[in-house]
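See below for structure_11.txt, which holds compact mmCIF, C-alpha atoms and all ligand atoms.
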# COMPACT_ATOMS: atom_id res chain seq x y z
CA MET A 840 69.76 -2.04 -4.08
CA VAL A 841 68.15 -0.16 -6.99
CA ASP A 842 68.62 3.54 -6.87
CA ARG A 843 65.28 5.29 -7.35
CA PRO A 844 65.82 9.00 -7.83
CA ASN A 845 62.08 9.56 -8.44
CA LYS A 846 60.91 7.61 -5.48
CA PRO A 847 57.47 8.86 -4.47
CA SER A 848 57.36 10.66 -1.18
CA ALA A 849 55.43 9.11 1.67
CA LEU A 850 51.69 9.59 1.47
CA ALA A 851 50.34 12.33 3.68
CA ALA A 852 48.48 10.81 6.58
CA THR A 853 44.78 10.40 5.70
CA PRO A 854 42.78 12.63 8.03
CA SER A 855 40.70 10.34 10.22
CA LEU A 856 36.93 10.57 9.79
CA PRO A 857 34.99 11.83 12.78
CA PRO A 858 33.26 8.95 14.60
CA GLN A 859 29.89 8.08 13.07
CA ALA A 860 26.66 6.75 14.52
CA GLN A 861 26.39 2.97 14.52
CA VAL A 862 23.20 1.70 12.92
CA THR A 863 22.19 -1.93 13.32
CA ILE A 864 19.28 -3.92 11.99
CA SER A 865 18.34 -6.80 14.25
CA ASP A 866 15.68 -9.23 15.38
CA GLY A 867 15.00 -10.77 11.99
CA SER A 868 15.21 -7.34 10.30
CA SER A 869 12.40 -6.04 12.47
CA ARG A 870 14.29 -3.40 14.47
CA VAL A 871 16.67 -0.57 13.71
CA THR A 872 18.96 0.79 16.39
CA ALA A 873 21.22 3.83 16.17
CA VAL A 874 23.89 4.72 18.72
CA LEU A 875 25.76 8.03 18.57
CA PRO A 876 29.51 8.14 19.28
CA THR A 877 28.59 10.03 22.46
CA GLY A 878 26.38 7.15 23.66
CA GLU A 879 22.79 8.30 23.01
CA SER A 880 20.58 5.73 21.31
CA VAL A 881 17.23 5.20 19.64
CA GLU A 882 15.47 1.98 18.69
CA ILE A 883 12.67 1.67 16.14
CA LEU A 884 10.42 -1.31 15.48
CA LEU A 885 9.51 -1.56 11.80
CA TYR A 886 6.04 -2.60 12.87
CA GLY A 887 4.36 0.80 13.03
CA ALA A 888 7.77 2.53 12.67
CA THR A 889 7.32 2.75 16.42
CA VAL A 890 10.14 4.38 18.36
CA LEU A 891 10.52 1.94 21.27
CA SER A 892 13.39 3.50 23.14
CA TRP A 893 15.33 6.74 23.37
CA LYS A 894 18.23 6.90 25.80
CA ASP A 895 20.58 9.69 26.73
CA ALA A 896 24.37 9.30 26.90
CA SER A 897 24.17 7.80 30.39
CA GLY A 898 21.70 5.14 29.23
CA ASP A 899 18.73 6.78 30.94
CA GLU A 900 15.47 5.86 29.11
CA LYS A 901 13.23 8.78 28.12
CA LEU A 902 10.19 6.92 26.77
CA TRP A 903 7.73 4.74 28.64
CA LEU A 904 7.15 1.29 27.16
CA SER A 905 4.67 -1.10 28.74
CA GLU A 906 6.16 -4.36 29.96
CA GLY A 907 3.09 -5.97 28.38
CA ALA A 908 3.51 -4.25 24.99
CA LYS A 909 3.15 -6.61 22.03
CA LEU A 910 6.23 -6.26 19.84
CA ASP A 911 5.43 -9.12 17.48
CA GLY A 912 3.13 -7.28 15.11
CA THR A 913 -0.12 -8.56 16.60
CA LYS A 914 -1.15 -5.24 18.18
CA ALA A 915 -0.10 -1.59 18.16
CA VAL A 916 2.72 -1.01 20.62
CA ARG A 917 1.68 0.27 24.05
CA GLY A 918 4.35 2.86 24.63
CA GLY A 919 7.22 4.58 22.85
CA ILE A 920 6.02 6.72 19.94
CA PRO A 921 3.23 5.04 17.95
CA LEU A 922 2.25 6.93 14.81
CA VAL A 923 -1.39 7.77 14.26
CA PHE A 924 -2.63 7.98 10.63
CA PRO A 925 -5.04 8.56 8.87
CA VAL A 926 -7.54 8.99 11.71
CA PHE A 927 -7.20 10.03 15.34
CA GLY A 928 -9.41 7.85 17.55
CA THR A 929 -12.38 6.76 15.48
CA ALA A 930 -14.47 8.96 13.22
CA PRO A 931 -17.87 7.33 12.71
CA ASP A 932 -19.20 10.54 11.10
CA HIS A 933 -16.36 10.90 8.61
CA GLU A 934 -17.42 8.51 5.90
CA ALA A 935 -14.04 7.87 4.28
CA THR A 936 -12.36 6.85 7.53
CA SER A 937 -15.36 5.53 9.46
CA LYS A 938 -14.40 1.89 8.97
CA LEU A 939 -10.84 2.22 10.21
CA PRO A 940 -9.68 0.92 13.58
CA GLN A 941 -8.87 3.37 16.39
CA HIS A 942 -5.90 5.61 15.41
CA GLY A 943 -5.79 4.17 11.87
CA PHE A 944 -3.46 1.62 10.34
CA ALA A 945 0.02 3.21 10.29
CA ARG A 946 0.83 1.92 13.78
CA ASN A 947 -0.28 -1.59 12.76
CA SER A 948 1.59 -1.81 9.48
CA ARG A 949 5.09 -2.96 8.73
CA TRP A 950 7.19 -0.11 7.39
CA GLU A 951 10.34 -0.24 5.28
CA PHE A 952 13.67 1.04 6.53
CA LEU A 953 14.91 3.38 3.81
CA GLY A 954 18.35 4.09 5.23
CA LYS A 955 20.36 6.46 7.37
CA SER A 956 22.01 9.78 6.77
CA SER A 957 24.13 12.09 8.87
CA ASN A 958 23.84 15.81 9.14
CA GLU A 959 26.91 17.31 7.47
CA SER A 960 27.10 20.17 9.92
CA SER A 961 26.98 17.79 12.86
CA SER A 962 28.59 14.39 12.56
CA ASN A 963 27.10 13.66 15.94
CA SER A 964 23.51 13.14 14.79
CA VAL A 965 21.83 10.54 12.65
CA LYS A 966 18.62 10.48 10.64
CA LEU A 967 16.78 7.24 10.00
CA ASP A 968 14.12 7.17 7.27
CA PHE A 969 11.12 4.87 7.11
CA GLY A 970 8.44 4.52 4.45
CA LEU A 971 4.94 3.17 4.14
CA SER A 972 2.72 3.37 1.09
CA SER A 973 -0.62 1.96 -0.01
CA GLU A 974 1.28 -0.84 -1.77
CA ASN A 975 2.71 -2.04 1.58
CA LEU A 976 -0.70 -2.32 3.24
CA ASP A 977 -2.36 -5.63 3.73
CA GLU A 978 -5.48 -6.24 1.69
CA ALA A 979 -7.82 -5.66 4.64
CA ALA A 980 -6.44 -2.19 5.40
CA ARG A 981 -6.40 -1.28 1.69
CA GLN A 982 -10.07 -2.10 1.42
CA LEU A 983 -10.97 -0.01 4.45
CA TRP A 984 -9.15 3.06 3.12
CA PRO A 985 -8.70 2.77 -0.64
CA TYR A 986 -6.49 5.84 -1.22
CA LYS A 987 -3.01 5.92 -2.71
CA PHE A 988 -0.63 7.57 -0.30
CA GLY A 989 3.03 7.68 0.66
CA LEU A 990 4.36 8.24 4.15
CA LEU A 991 7.96 9.20 4.82
CA TYR A 992 8.90 9.19 8.50
CA SER A 993 12.29 10.49 9.62
CA VAL A 994 13.66 10.00 13.10
CA THR A 995 16.69 12.14 13.93
CA LEU A 996 18.74 11.47 17.03
CA ALA A 997 21.05 14.20 18.31
CA PRO A 998 22.79 14.42 21.69
CA GLU A 999 20.09 16.51 23.35
CA SER A 1000 17.06 15.90 21.15
CA LEU A 1001 14.93 13.55 19.13
CA SER A 1002 13.00 14.76 16.08
CA THR A 1003 10.26 12.89 14.31
CA VAL A 1004 9.03 14.23 10.97
CA LEU A 1005 6.17 12.79 8.93
CA VAL A 1006 5.53 13.67 5.29
CA ILE A 1007 2.20 12.49 3.87
CA THR A 1008 1.77 12.51 0.09
CA ASN A 1009 -1.32 11.90 -1.98
CA GLU A 1010 -0.08 9.62 -4.75
CA GLY A 1011 -3.49 8.89 -6.21
CA ASP A 1012 -5.88 10.75 -8.49
CA VAL A 1013 -8.55 11.56 -5.93
CA PRO A 1014 -8.25 13.84 -2.89
CA PHE A 1015 -8.28 12.40 0.62
CA GLU A 1016 -8.65 13.80 4.12
CA CYS A 1017 -6.50 12.64 7.00
CA GLN A 1018 -5.35 13.27 10.53
CA THR A 1019 -2.03 12.41 12.10
CA LEU A 1020 -0.40 12.38 15.52
CA LEU A 1021 2.88 11.43 17.18
CA HIS A 1022 1.60 9.56 20.25
CA THR A 1023 4.63 10.02 22.52
CA TYR A 1024 4.64 8.20 25.87
CA PHE A 1025 7.09 10.11 28.11
CA LYS A 1026 8.66 8.29 31.03
CA ILE A 1027 8.31 10.29 34.21
CA LYS A 1028 9.03 9.67 37.88
CA ASP A 1029 5.68 10.47 39.43
CA ILE A 1030 2.55 11.70 37.65
CA SER A 1031 1.33 13.43 40.83
CA SER A 1032 4.26 15.85 40.61
CA VAL A 1033 4.16 16.38 36.83
CA GLN A 1034 3.16 19.68 35.28
CA VAL A 1035 2.65 20.46 31.61
CA THR A 1036 3.14 24.08 30.62
CA GLY A 1037 2.61 25.84 27.31
CA LEU A 1038 -1.10 25.05 27.04
CA GLU A 1039 -2.32 27.85 29.30
CA ASP A 1040 -5.49 29.70 28.19
CA SER A 1041 -5.93 27.24 25.31
CA PRO A 1042 -9.18 25.67 24.12
CA PHE A 1043 -9.52 21.91 24.47
CA HIS A 1044 -11.99 19.06 24.04
CA ASP A 1045 -12.30 17.10 27.25
CA LYS A 1046 -12.70 13.44 26.23
CA VAL A 1047 -13.32 12.32 29.81
CA ASP A 1048 -16.20 14.79 30.13
CA GLY A 1049 -18.34 14.09 27.07
CA VAL A 1050 -15.88 15.78 24.67
CA LYS A 1051 -17.02 19.15 26.05
CA ASP A 1052 -15.32 22.29 24.77
CA LYS A 1053 -13.36 23.92 27.58
CA THR A 1054 -10.55 26.42 28.08
CA GLN A 1055 -7.45 25.74 30.13
CA SER A 1056 -6.88 28.21 32.95
CA SER A 1057 -3.69 30.22 33.06
CA ASP A 1058 -2.19 27.51 35.29
CA PRO A 1059 -0.10 24.57 34.08
CA ILE A 1060 -1.80 21.19 33.72
CA THR A 1061 -1.51 18.89 36.72
CA PHE A 1062 -2.87 15.33 37.08
CA SER A 1063 -5.24 13.91 39.70
CA GLY A 1064 -7.34 11.49 37.65
CA GLU A 1065 -7.89 10.15 34.14
CA THR A 1066 -6.95 12.86 31.67
CA ASP A 1067 -7.70 12.82 27.95
CA ARG A 1068 -7.72 16.25 26.31
CA VAL A 1069 -7.23 17.57 22.82
CA TYR A 1070 -5.71 21.05 22.99
CA THR A 1071 -5.20 23.59 20.25
CA PRO A 1072 -2.57 25.74 21.95
CA VAL A 1073 -3.13 29.46 21.48
CA LYS A 1074 0.58 30.17 21.22
CA GLY A 1075 1.03 28.00 18.12
CA PRO A 1076 3.36 25.10 17.28
CA GLY A 1077 6.64 26.96 17.73
CA HIS A 1078 5.95 27.67 21.39
CA PRO A 1079 7.32 24.80 23.50
CA VAL A 1080 5.16 22.51 25.58
CA VAL A 1081 7.25 21.63 28.63
CA ILE A 1082 6.91 18.58 30.87
CA THR A 1083 8.16 19.23 34.38
CA ASP A 1084 8.69 16.29 36.74
CA GLY A 1085 9.14 17.01 40.45
CA GLY A 1086 9.84 20.67 39.71
CA VAL A 1087 12.51 19.90 37.08
CA ALA A 1088 11.86 20.65 33.39
CA LYS A 1089 12.51 17.30 31.66
CA PHE A 1090 11.17 17.57 28.11
CA ARG A 1091 10.50 20.49 25.78
CA VAL A 1092 8.34 19.66 22.77
CA VAL A 1093 8.45 22.03 19.80
CA ARG A 1094 6.06 21.34 16.95
CA ASP A 1095 6.14 22.23 13.30
CA ASN A 1096 2.84 22.42 11.42
CA LEU A 1097 1.08 20.29 14.06
CA ASP A 1098 -1.52 22.55 15.64
CA ASP A 1099 -2.86 20.21 18.33
CA VAL A 1100 -1.54 18.60 21.48
CA VAL A 1101 -3.26 15.65 23.15
CA VAL A 1102 -2.56 15.10 26.85
CA TRP A 1103 -3.41 11.62 28.10
CA ASN A 1104 -3.00 9.62 31.27
CA PRO A 1105 -5.29 6.62 31.73
CA TRP A 1106 -5.03 6.54 35.54
CA VAL A 1107 -6.23 3.50 37.54
CA ASP A 1108 -9.39 2.13 35.89
CA LYS A 1109 -8.53 2.67 32.24
CA SER A 1110 -5.09 1.08 32.73
CA ALA A 1111 -6.72 -1.88 34.46
CA GLY A 1112 -8.88 -2.41 31.37
CA MET A 1113 -5.93 -2.50 28.93
CA GLY A 1114 -4.51 -6.02 28.65
CA ASP A 1115 -1.17 -4.76 27.33
CA PHE A 1116 -0.67 -2.12 30.03
CA GLN A 1117 1.94 -3.40 32.48
CA PRO A 1118 2.71 -2.96 35.28
CA LYS A 1119 -0.80 -2.04 36.31
CA ASP A 1120 0.42 1.01 38.24
CA GLY A 1121 2.56 2.06 35.24
CA TRP A 1122 0.27 5.08 34.75
CA LYS A 1123 2.20 6.71 37.59
CA ASN A 1124 5.33 6.71 35.43
CA MET A 1125 3.99 7.87 32.07
CA VAL A 1126 2.31 10.80 30.46
CA CYS A 1127 1.39 11.11 26.81
CA VAL A 1128 1.89 14.53 25.26
CA GLU A 1129 1.03 14.00 21.62
CA ALA A 1130 1.72 16.47 18.83
CA GLY A 1131 -0.77 16.18 16.01
CA ALA A 1132 -3.13 17.58 13.42
CA VAL A 1133 -6.36 16.07 14.72
CA SER A 1134 -8.98 18.68 15.47
CA THR A 1135 -9.62 19.24 11.76
CA TRP A 1136 -8.90 17.23 8.59
CA GLN A 1137 -5.97 17.81 6.28
CA LYS A 1138 -7.25 17.65 2.73
CA LEU A 1139 -4.64 16.53 0.22
CA GLU A 1140 -5.39 16.92 -3.47
CA LYS A 1141 -3.65 14.73 -6.04
CA GLY A 1142 0.12 15.21 -5.67
CA ASP A 1143 -0.17 17.32 -2.48
CA ALA A 1144 2.01 16.74 0.56
CA PHE A 1145 1.60 17.58 4.24
CA GLU A 1146 4.56 17.73 6.59
CA GLY A 1147 4.32 17.73 10.38
CA ALA A 1148 7.08 17.36 12.95
CA GLN A 1149 8.06 17.48 16.57
CA THR A 1150 11.42 17.93 18.22
CA ILE A 1151 11.76 16.84 21.81
CA TYR A 1152 14.61 18.52 23.67
CA LEU A 1153 15.98 17.29 26.94
CA ASN A 1154 16.08 20.24 29.30
O1 LIG A 1201 -5.54 2.45 23.41
P1 LIG A 1201 -5.12 3.26 22.21
O2 LIG A 1201 -5.90 2.96 20.99
O3 LIG A 1201 -3.64 3.14 21.98
O4 LIG A 1201 -5.39 4.77 22.57
C1 LIG A 1201 -4.83 5.35 23.70
C2 LIG A 1201 -5.35 6.77 23.89
O5 LIG A 1201 -4.80 7.58 22.88
C3 LIG A 1201 -5.06 8.97 23.06
O6 LIG A 1201 -4.44 9.68 22.03
C4 LIG A 1201 -6.55 9.20 23.01
O7 LIG A 1201 -6.84 10.57 23.21
C5 LIG A 1201 -7.23 8.35 24.05
O8 LIG A 1201 -8.63 8.53 23.95
C6 LIG A 1201 -6.86 6.89 23.88
O9 LIG A 1201 -7.43 6.15 24.93

Would you mind giving the structure from this file in structure tokens?
Ligand SMILES: O=P(O)(O)OC[C@H]1O[C@@H](O)[C@H](O)[C@@H](O)[C@@H]1O
Amino acid sequence: MVDRPNKPSALAATPSLPPQAQVTISDGSSRVTAVLPTGESVEILLYGATVLSWKDASGDEKLWLSEGAKLDGTKAVRGGIPLVFPVFGTAPDHEATSKLPQHGFARNSRWEFLGKSSNESSSNSVKLDFGLSSENLDEAARQLWPYKFGLLYSVTLAPESLSTVLVITNEGDVPFECQTLLHTYFKIKDISSVQVTGLEDSPFHDKVDGVKDKTQSSDPITFSGETDRVYTPVKGPGHPVVITDGGVAKFRVVRDNLDDVVVWNPWVDKSAGMGDFQPKDGWKNMVCVEAGAVSTWQKLEKGDAFEGAQTIYLN
């Protein structure tokens, strides 16, 4: 045996890395799924960058997704979190967007997955980035809205929350005006025992009553029929809007730079008229509370950016 006086000492054990989120791309590269080491998960369809599913560590789904939702890119997804841009609803009087379909084209366009990153201060969270720009649009959409834009959408999953952040950039030479909204469908047990708080004393447009201007009383919102209201909460974006289901606070929505909140439940007749709304009594198990910038227009000059976000906390 060779004597080796300068034999290197054994390597110090490499410290093991903390467990990381698992990110998978599946279904012919059309879906991105992230699962945290603690079990929470989120699934995003590249069509519309639509969040389809958000589950807690016990596998309990937090978002409502219609059983009849089209997930093949033929129609905006009925459920989850569709992204509204550059127009909320339709705007026949706003010339630049008047030709666009309801809620714009972002929810009907295929986005790119730009990658994942983890928060250094918390290995137990993951951020997924998605992008859409004028270059990705199909010819028809480009003709209807001929502006150069970039959208960066980040979805961050943490153990007790989901954040969705949209950055809109004007990449062209001419200004444009736009609206945006995160059209979240929350899964709830029973709409008749749901309350939404945080919108008390706030002005709203009542879309089921001729878009009349009204003011919410100092009571929480409850549901007993079709509801479609655009609120501008008096307390501002940082004040949480809370969804309570059967007396238990289930979701707390905190907004950043999104001044409006749309509250929508289609109830019996409207659901019956939507081919992709299944089951037909599914309106009992969903409520949309949608953070957005929709009551006015955001004007972006050349090179300008607008950022709006929501974080949904599980209570
Ligand atoms: O059927 P769509 O285009 O997905 O829209 C659903 C609802 O979206 C809400 O945001 C609107 O306030 C409603 O008026 C609309 O009915």

Distance limit 6 Å, reference ligand LIG 1201 (chain A), atoms considered: only C-alpha atoms and all ligand atoms. Which residues make the cut? Give them as a list in words.
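For ligand LIG 1201 (chain A), the residues inside 6 Å are Gln941, Asp1067 and Trp1103 of chain A.
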
Separating CA of Lys1123 in chain A from CA of Ser1056 in chain A, to the nearest tenth of an Å, is a gap of 23.8 Å

Restricting to all atoms listed in the file, whichever of A:Gly954, A:Gly918, A:Pro940, A:Gly887 is closest to Leu902 in chain A is A:Gly918

**Prompt:** Around (1.6, 12.3, 29.4) in the file's own coordinates, what residues are found within 7 Å if you use all atoms listed in the file, given back as a list in words?
**Reply:**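 Using all atoms listed in the file, the matching residues come out as Tyr1024, Phe1025, Val1102, Trp1103, Asn1104, Met1125, Val1126, Cys1127 and Val1128 of chain A.
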
Correct to one decimal, the distance CA of Lys1026 in chain A-CA of Ile920 in chain A is 11.5 Å

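Nearest residue to Phe1090 in chain A, choosing from A:Thr913, A:Thr1019, A:Thr1150, A:Ser1032 and counting all atoms listed in the file: A:Thr1150.
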
Practice prompt. Would you work out the distance separating CA of Pro1105 in chain A from CA of Ala915 in chain A, expressed in Å to one decimal?
Written response: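 One can read the CA of Pro1105 in chain A to CA of Ala915 in chain A distance as 16.7 Å.
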
Check: Which polymer residues have any atom within 10 Å of an atom of Glu974 in chain A, counting only C-alpha atoms, with same-chain residues fewer than 2 positions away left out, as a PyMOL selection string?
Finding: chain A and resi 971-972+976-978+981+987-989

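Those residues that approach Ser993 in chain A to within 8 Å, counting all atoms listed in the file, are Lys966, Leu967, Asp968, Phe969, Ser1002, Thr1003, Val1004 and Leu1005 of chain A; same-chain residues fewer than 6 positions away are not listed.
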
Next on the checklist: Using only C-alpha atoms, can you tell me which of A:Thr1061, A:Ser1110, A:Gln1018, A:Thr1066 comes closest to Lys1046 in chain A?
Outcome noted: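 That would be A:Thr1066, the residue with the smallest distance to Lys1046 in chain A.
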
Given the choices A:Ser897, A:Val1069, A:Asn963, A:Ile1151, which gets closest to Lys1051 in chain A if the distance is worked out from all atoms listed in the file?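 Looking only at the distances to Lys1051 in chain A, the closest residue turns out to be A:Val1069.
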
- Can you pull out every residue within 10 Å of Glu1010 in chain A, counting all atoms listed in the file, but drop anything in the same chain fewer than 3 positions away, and send it as a list in words?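 Everything that qualifies: Ser972, Ser973, Tyr986, Lys987, Phe988, Gly989, Ile1007, Val1013, Pro1014, Leu1139, Glu1140, Lys1141, Gly1142, Asp1143 and Ala1144 of chain A.
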
For Pro1072 in chain A, the closest of A:Val871, A:Leu1038, A:Val1006, A:Val1050 counting all atoms listed in the file is A:Leu1038

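Among the candidate residues A:Glu1065, A:Asp1108, A:Asp1115, A:Asp1095, the one lying nearest to Phe1145 in chain A is A:Asp1095, with distances computed using all atoms listed in the file.
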
**Message:** At a cut-off of 6 Å, using only C-alpha atoms, what residues contact Ala1130 in chain A? Leave out same-chain residues fewer than 2 positions from it and give the result as a PyMOL selection string.
**Reply:** chain A and resi 1020-1021+1099-1100

(request) Extract, using all atoms listed in the file, all DNA, RNA and protein residues at most 6 Å from Trp893 in chain A, discarding same-chain residues fewer than 6 positions from it, and format them as a VMD selection string. (result) chain A and resid 880 to 881 900 to 901

Emit as lines of an AutoDock Vina configuration file the padded axis-aligned box for all listed atoms of range 1070-1088 of chain A, 6 Å per side, with centre and edge lengths in Å to one decimal.
center_x = 3.4
center_y = 23.2
center_z = 28.9
size_x = 30.2
size_y = 25.9
size_z = 35.2
